Amino acid sequence: MSQIPMSQSPQVKFYSGENIPLELHKVRVVQKLHLVPIERRLEALHEGGFNTFRLNTVDVFLDMLTDSGTNAMSDKQMAAMMMADDAYAGSQSFYRLKTAVEEVLGKKYLLPAHQGRAAENIISNAYVKKGSLIPMNYHFTTALAHITQYGGKIVELLYSEAYNIKSTHPFKGNMNIEKLKEVIEQHGVKNIPYIRMEASTNLIGGQPFSIANLREVRAIADHYGIKLVLDASLLGENAYLVKQREPEFADKSMAEIILAMTELSDIVYFSARKLSSSRGGGICTNSLEIYREFEPLVPLFEGFLTYGGISVREIEAMAVGLHETLDESMICQSPQFIEYLVNALDGKGIPVVTPAGVLGCHVDAMQICAHIPQTQYPAGSLAAAFYLISGVRGMERGSISNQRDEYGNETYADMELLRLAVPRRVFTLSQIKYVEDRLTWLYENRSLIGGLRFVYEPPVLRFFMGGLEPVSDWPQRLMAKFKKDFGDSL
Ligand code: F0G
């Protein structure tokens with residue numbers, strides 16, 4: 001198994017020898033945070049159905065729910081927003097974005113969509129029907145929901161190493177090439193409208209794929225005449241890790257690495273909430289034929305073709321943000337902070353997904369809450385417990401985030417993770433150290449965490465608004481222990 005080479009990112013060495021990431025930006029605008037007492041946090045949990053999505057941020061200290069729309073924006077992005085052109089059709093803002101997409105992603109046709117899942121809706125609407133099968137490295141919740149809404153199914157083709165929490169494999173997001181061939185042979189080319197590759201595979205811990213692997217997927221797509229769709233929402237970070245971990249690209253620029261990935265793909269779509277530290281989304285391609293297949297769907301679902309449901313101010317921010325994705329000193333910040341947190345926790349024996357990936361630190365609830373059966377949602381329980389004792393809001397990425405099968409049965413997740421997102425340039429190192437500290441305490445008191453059960457379960461994407469309750473009085477007992485150990489501390 002290959003080992004990860006030493007980091008070559010713009011890291012500044014400390015004379016003391018301490019290995020800490022240094023912020024290469026300064027804070028110019030700040031927002032006040034609220035660290036409310038634990039008694040209020042318990043009330044907030046009850047009010048929000050023990051679901052961190054349903055908390056009001058007045059009760060949240062560090063919001064580590066997601067990086068989606070929460071990356072810090074640059075001064076240049078904010079400035080560009082002031083120059084937006086509000087035209088319904090033919091907005092200059094759109095043409096500036098189109099140029100940025102062509103320069104950064106190398107695709108000349110752009111279809112704007114209000115966010116990533118809107119792009120997924122359009123692609124699924126155009127290509128997926130009953131009987132369709134979409135092979136992919138791994139699903140993302142919204143991608144799966146759209147494919148199944150249109151009657152399709154998915155098959156996930158990661159190598160088994162990807163499911164090992166503790167690993168040194170640099171590219172756990174790689175597609176299993178042998179299995180991909182088998183699946184195509186078994187199901188028939190006509191039932192497979194496209195293959196989906198997700199950059200920095202979100203749900204298995206933000207793990208990247210290598211360009212060598214993407215080339216192999218491309219060769220198979222060519223061989224069978226199947227389109228290759230790239231979910232580029234986390235492409236910048238995938239490119240950064242390719243530079244770090246794939247020797248062929250060690251001396252290449254971010255721009256070259258990103259283009260190497262998009263050139264191999266027929267269709268590239270993205271959530272601009274992640275990719276360009278803005279809001280919005282889009283689909284791009286160099287094929288006029290593909291563009292024409294999607295074109296009528298944008299005005300139907302999104303808005304006119306030069307705004308696609310996105311505010312023009314955000315379109316300006318997207319254009320600038322896309323270019324900033326090529327700046328290694330910007331893109332390295334989140335992965336370096338994540339690596340710092342992952343290594344600190346791993347060093348204390350707290351189970352986290354390794355190697356450190358992107359988007360956030362992924363804590364293994366299956367091990368920490370080994371006493372909670374999957375039927376009682378260990379990752380959801382850990383997310384609730386961690387909020388209770390720290391005010392830090394993470395996201396459940398486990399069985400609650402999974403959808404029931406077509407017969408209504410639970411489908412338990414391969415991994416039960418608590419994701420602690422580290423959006424770009426948002427948190428300071430002392431805040432990260434607070435997370436490490438409180439998680440260490442919770443790990444030592446993990447036997448006090450109990451399970452959850454649904455009291456309200458929406459039929460689609462249930463994790464967003466679902467309501468749960470604790471199966472016992474464990475939150476009270478956890479709070480009592482916290483107060484015993486921390487006294488008056490918030
Ligand atoms: N694809 C990936 C890989 C994503 O991570 C997301 C969103 C989407 C598509 C959908 O994009 O939110 O703009 O509609 N991920 C967010 C997250 C929600 O928290 O991981 P969207």
# chains A, B, ... in the order shown; residues from 1 in each chain; ligands from 1
$ residues_near_ligand --ligand "ligand 1" --cutoff "7 Å" --atoms "only C-alpha atoms and all ligand atoms" --output "list in words"
Leu65, Thr66, Asp67, Ser68, Gln115, Gly116, Arg117, Ala118, Phe140, Thr142, Ala143, Glu198, Ala199, Thr201, Asn202, Asp231, Ser233, Leu234, Phe270, Ser271, Ala272, Arg273, Gly280 and Gly281 of chain A
$ residues_around --residues "range 313-322 of chain A" --least-positions-apart "4" --cutoff "9 Å" --atoms "only C-alpha atoms" --output "MDAnalysis selection string"
chainID A and resid 73:74 76:86 93:94 96:101 104:105 272:273 275:281 307 326
$ select_by_dssp --residues "range 231-391 of chain A" --states "helix (DSSP H, G or I)" --output "VMD selection string"
chain A and resid 235 to 245 247 to 249 254 to 263 272 to 275 288 to 294 297 to 301 312 to 324 328 to 331 333 to 347 365 to 368 374 to 376 378 to 390
$ closest_residue --among "A:Asp405, A:Asp364, A:Glu256, A:Asp488" --to "Arg419 in chain A" --atoms "only C-alpha atoms"
A:Asp364
$ residues_around --residues "Ala221 in chain A" --least-positions-apart "2" --cutoff "12 Å" --atoms "only C-alpha atoms" --output "PDB file with C-alpha atoms, in the first residue's frame"
ATOM      1  CA  PRO A 135     -22.045   3.480 -11.280  1.00  0.00           C
ATOM      2  CA  ILE A 177     -11.833  -0.369 -12.118  1.00  0.00           C
ATOM      3  CA  LEU A 180     -16.715  -1.023 -13.001  1.00  0.00           C
ATOM      4  CA  LYS A 181     -16.077  -3.258 -16.026  1.00  0.00           C
ATOM      5  CA  ILE A 184     -21.123  -2.519 -17.223  1.00  0.00           C
ATOM      6  CA  VAL A 189     -24.293  -0.235 -21.744  1.00  0.00           C
ATOM      7  CA  ILE A 192     -25.942   3.043 -17.949  1.00  0.00           C
ATOM      8  CA  PRO A 193     -26.381   6.631 -19.105  1.00  0.00           C
ATOM      9  CA  TYR A 194     -23.284   7.863 -17.286  1.00  0.00           C
ATOM     10  CA  ILE A 195     -20.613   7.082 -14.754  1.00  0.00           C
ATOM     11  CA  ARG A 196     -20.369   9.528 -11.820  1.00  0.00           C
ATOM     12  CA  MET A 197     -17.066  10.381 -10.145  1.00  0.00           C
ATOM     13  CA  LEU A 214      -9.697   8.991 -13.269  1.00  0.00           C
ATOM     14  CA  ARG A 215      -7.721   8.190 -16.438  1.00  0.00           C
ATOM     15  CA  GLU A 216      -8.622   4.518 -16.045  1.00  0.00           C
ATOM     16  CA  VAL A 217     -12.290   5.386 -15.567  1.00  0.00           C
ATOM     17  CA  ARG A 218     -12.088   7.551 -18.697  1.00  0.00           C
ATOM     18  CA  ALA A 219     -10.575   4.652 -20.683  1.00  0.00           C
ATOM     19  CA  HIS A 223     -14.344   1.761 -24.469  1.00  0.00           C
ATOM     20  CA  TYR A 224     -18.066   1.379 -23.800  1.00  0.00           C
ATOM     21  CA  GLY A 225     -19.147   4.789 -25.104  1.00  0.00           C
ATOM     22  CA  ILE A 226     -20.541   5.949 -21.733  1.00  0.00           C
ATOM     23  CA  LYS A 227     -20.413   9.556 -20.544  1.00  0.00           C
ATOM     24  CA  LEU A 228     -18.302  10.507 -17.549  1.00  0.00           C
ATOM     25  CA  VAL A 229     -19.848  12.996 -15.124  1.00  0.00           C
ATOM     26  CA  LEU A 264     -11.122  13.743 -18.596  1.00  0.00           C
ATOM     27  CA  SER A 265     -14.829  14.420 -17.926  1.00  0.00           C
ATOM     28  CA  ASP A 266     -17.659  14.991 -20.415  1.00  0.00           C
TER      29      ASP A 266
END
$ closest_residue --among "A:Lys32, A:Arg453, A:Arg40, A:Lys26" --to "Gly391 in chain A" --atoms "only C-alpha atoms"
A:Arg40
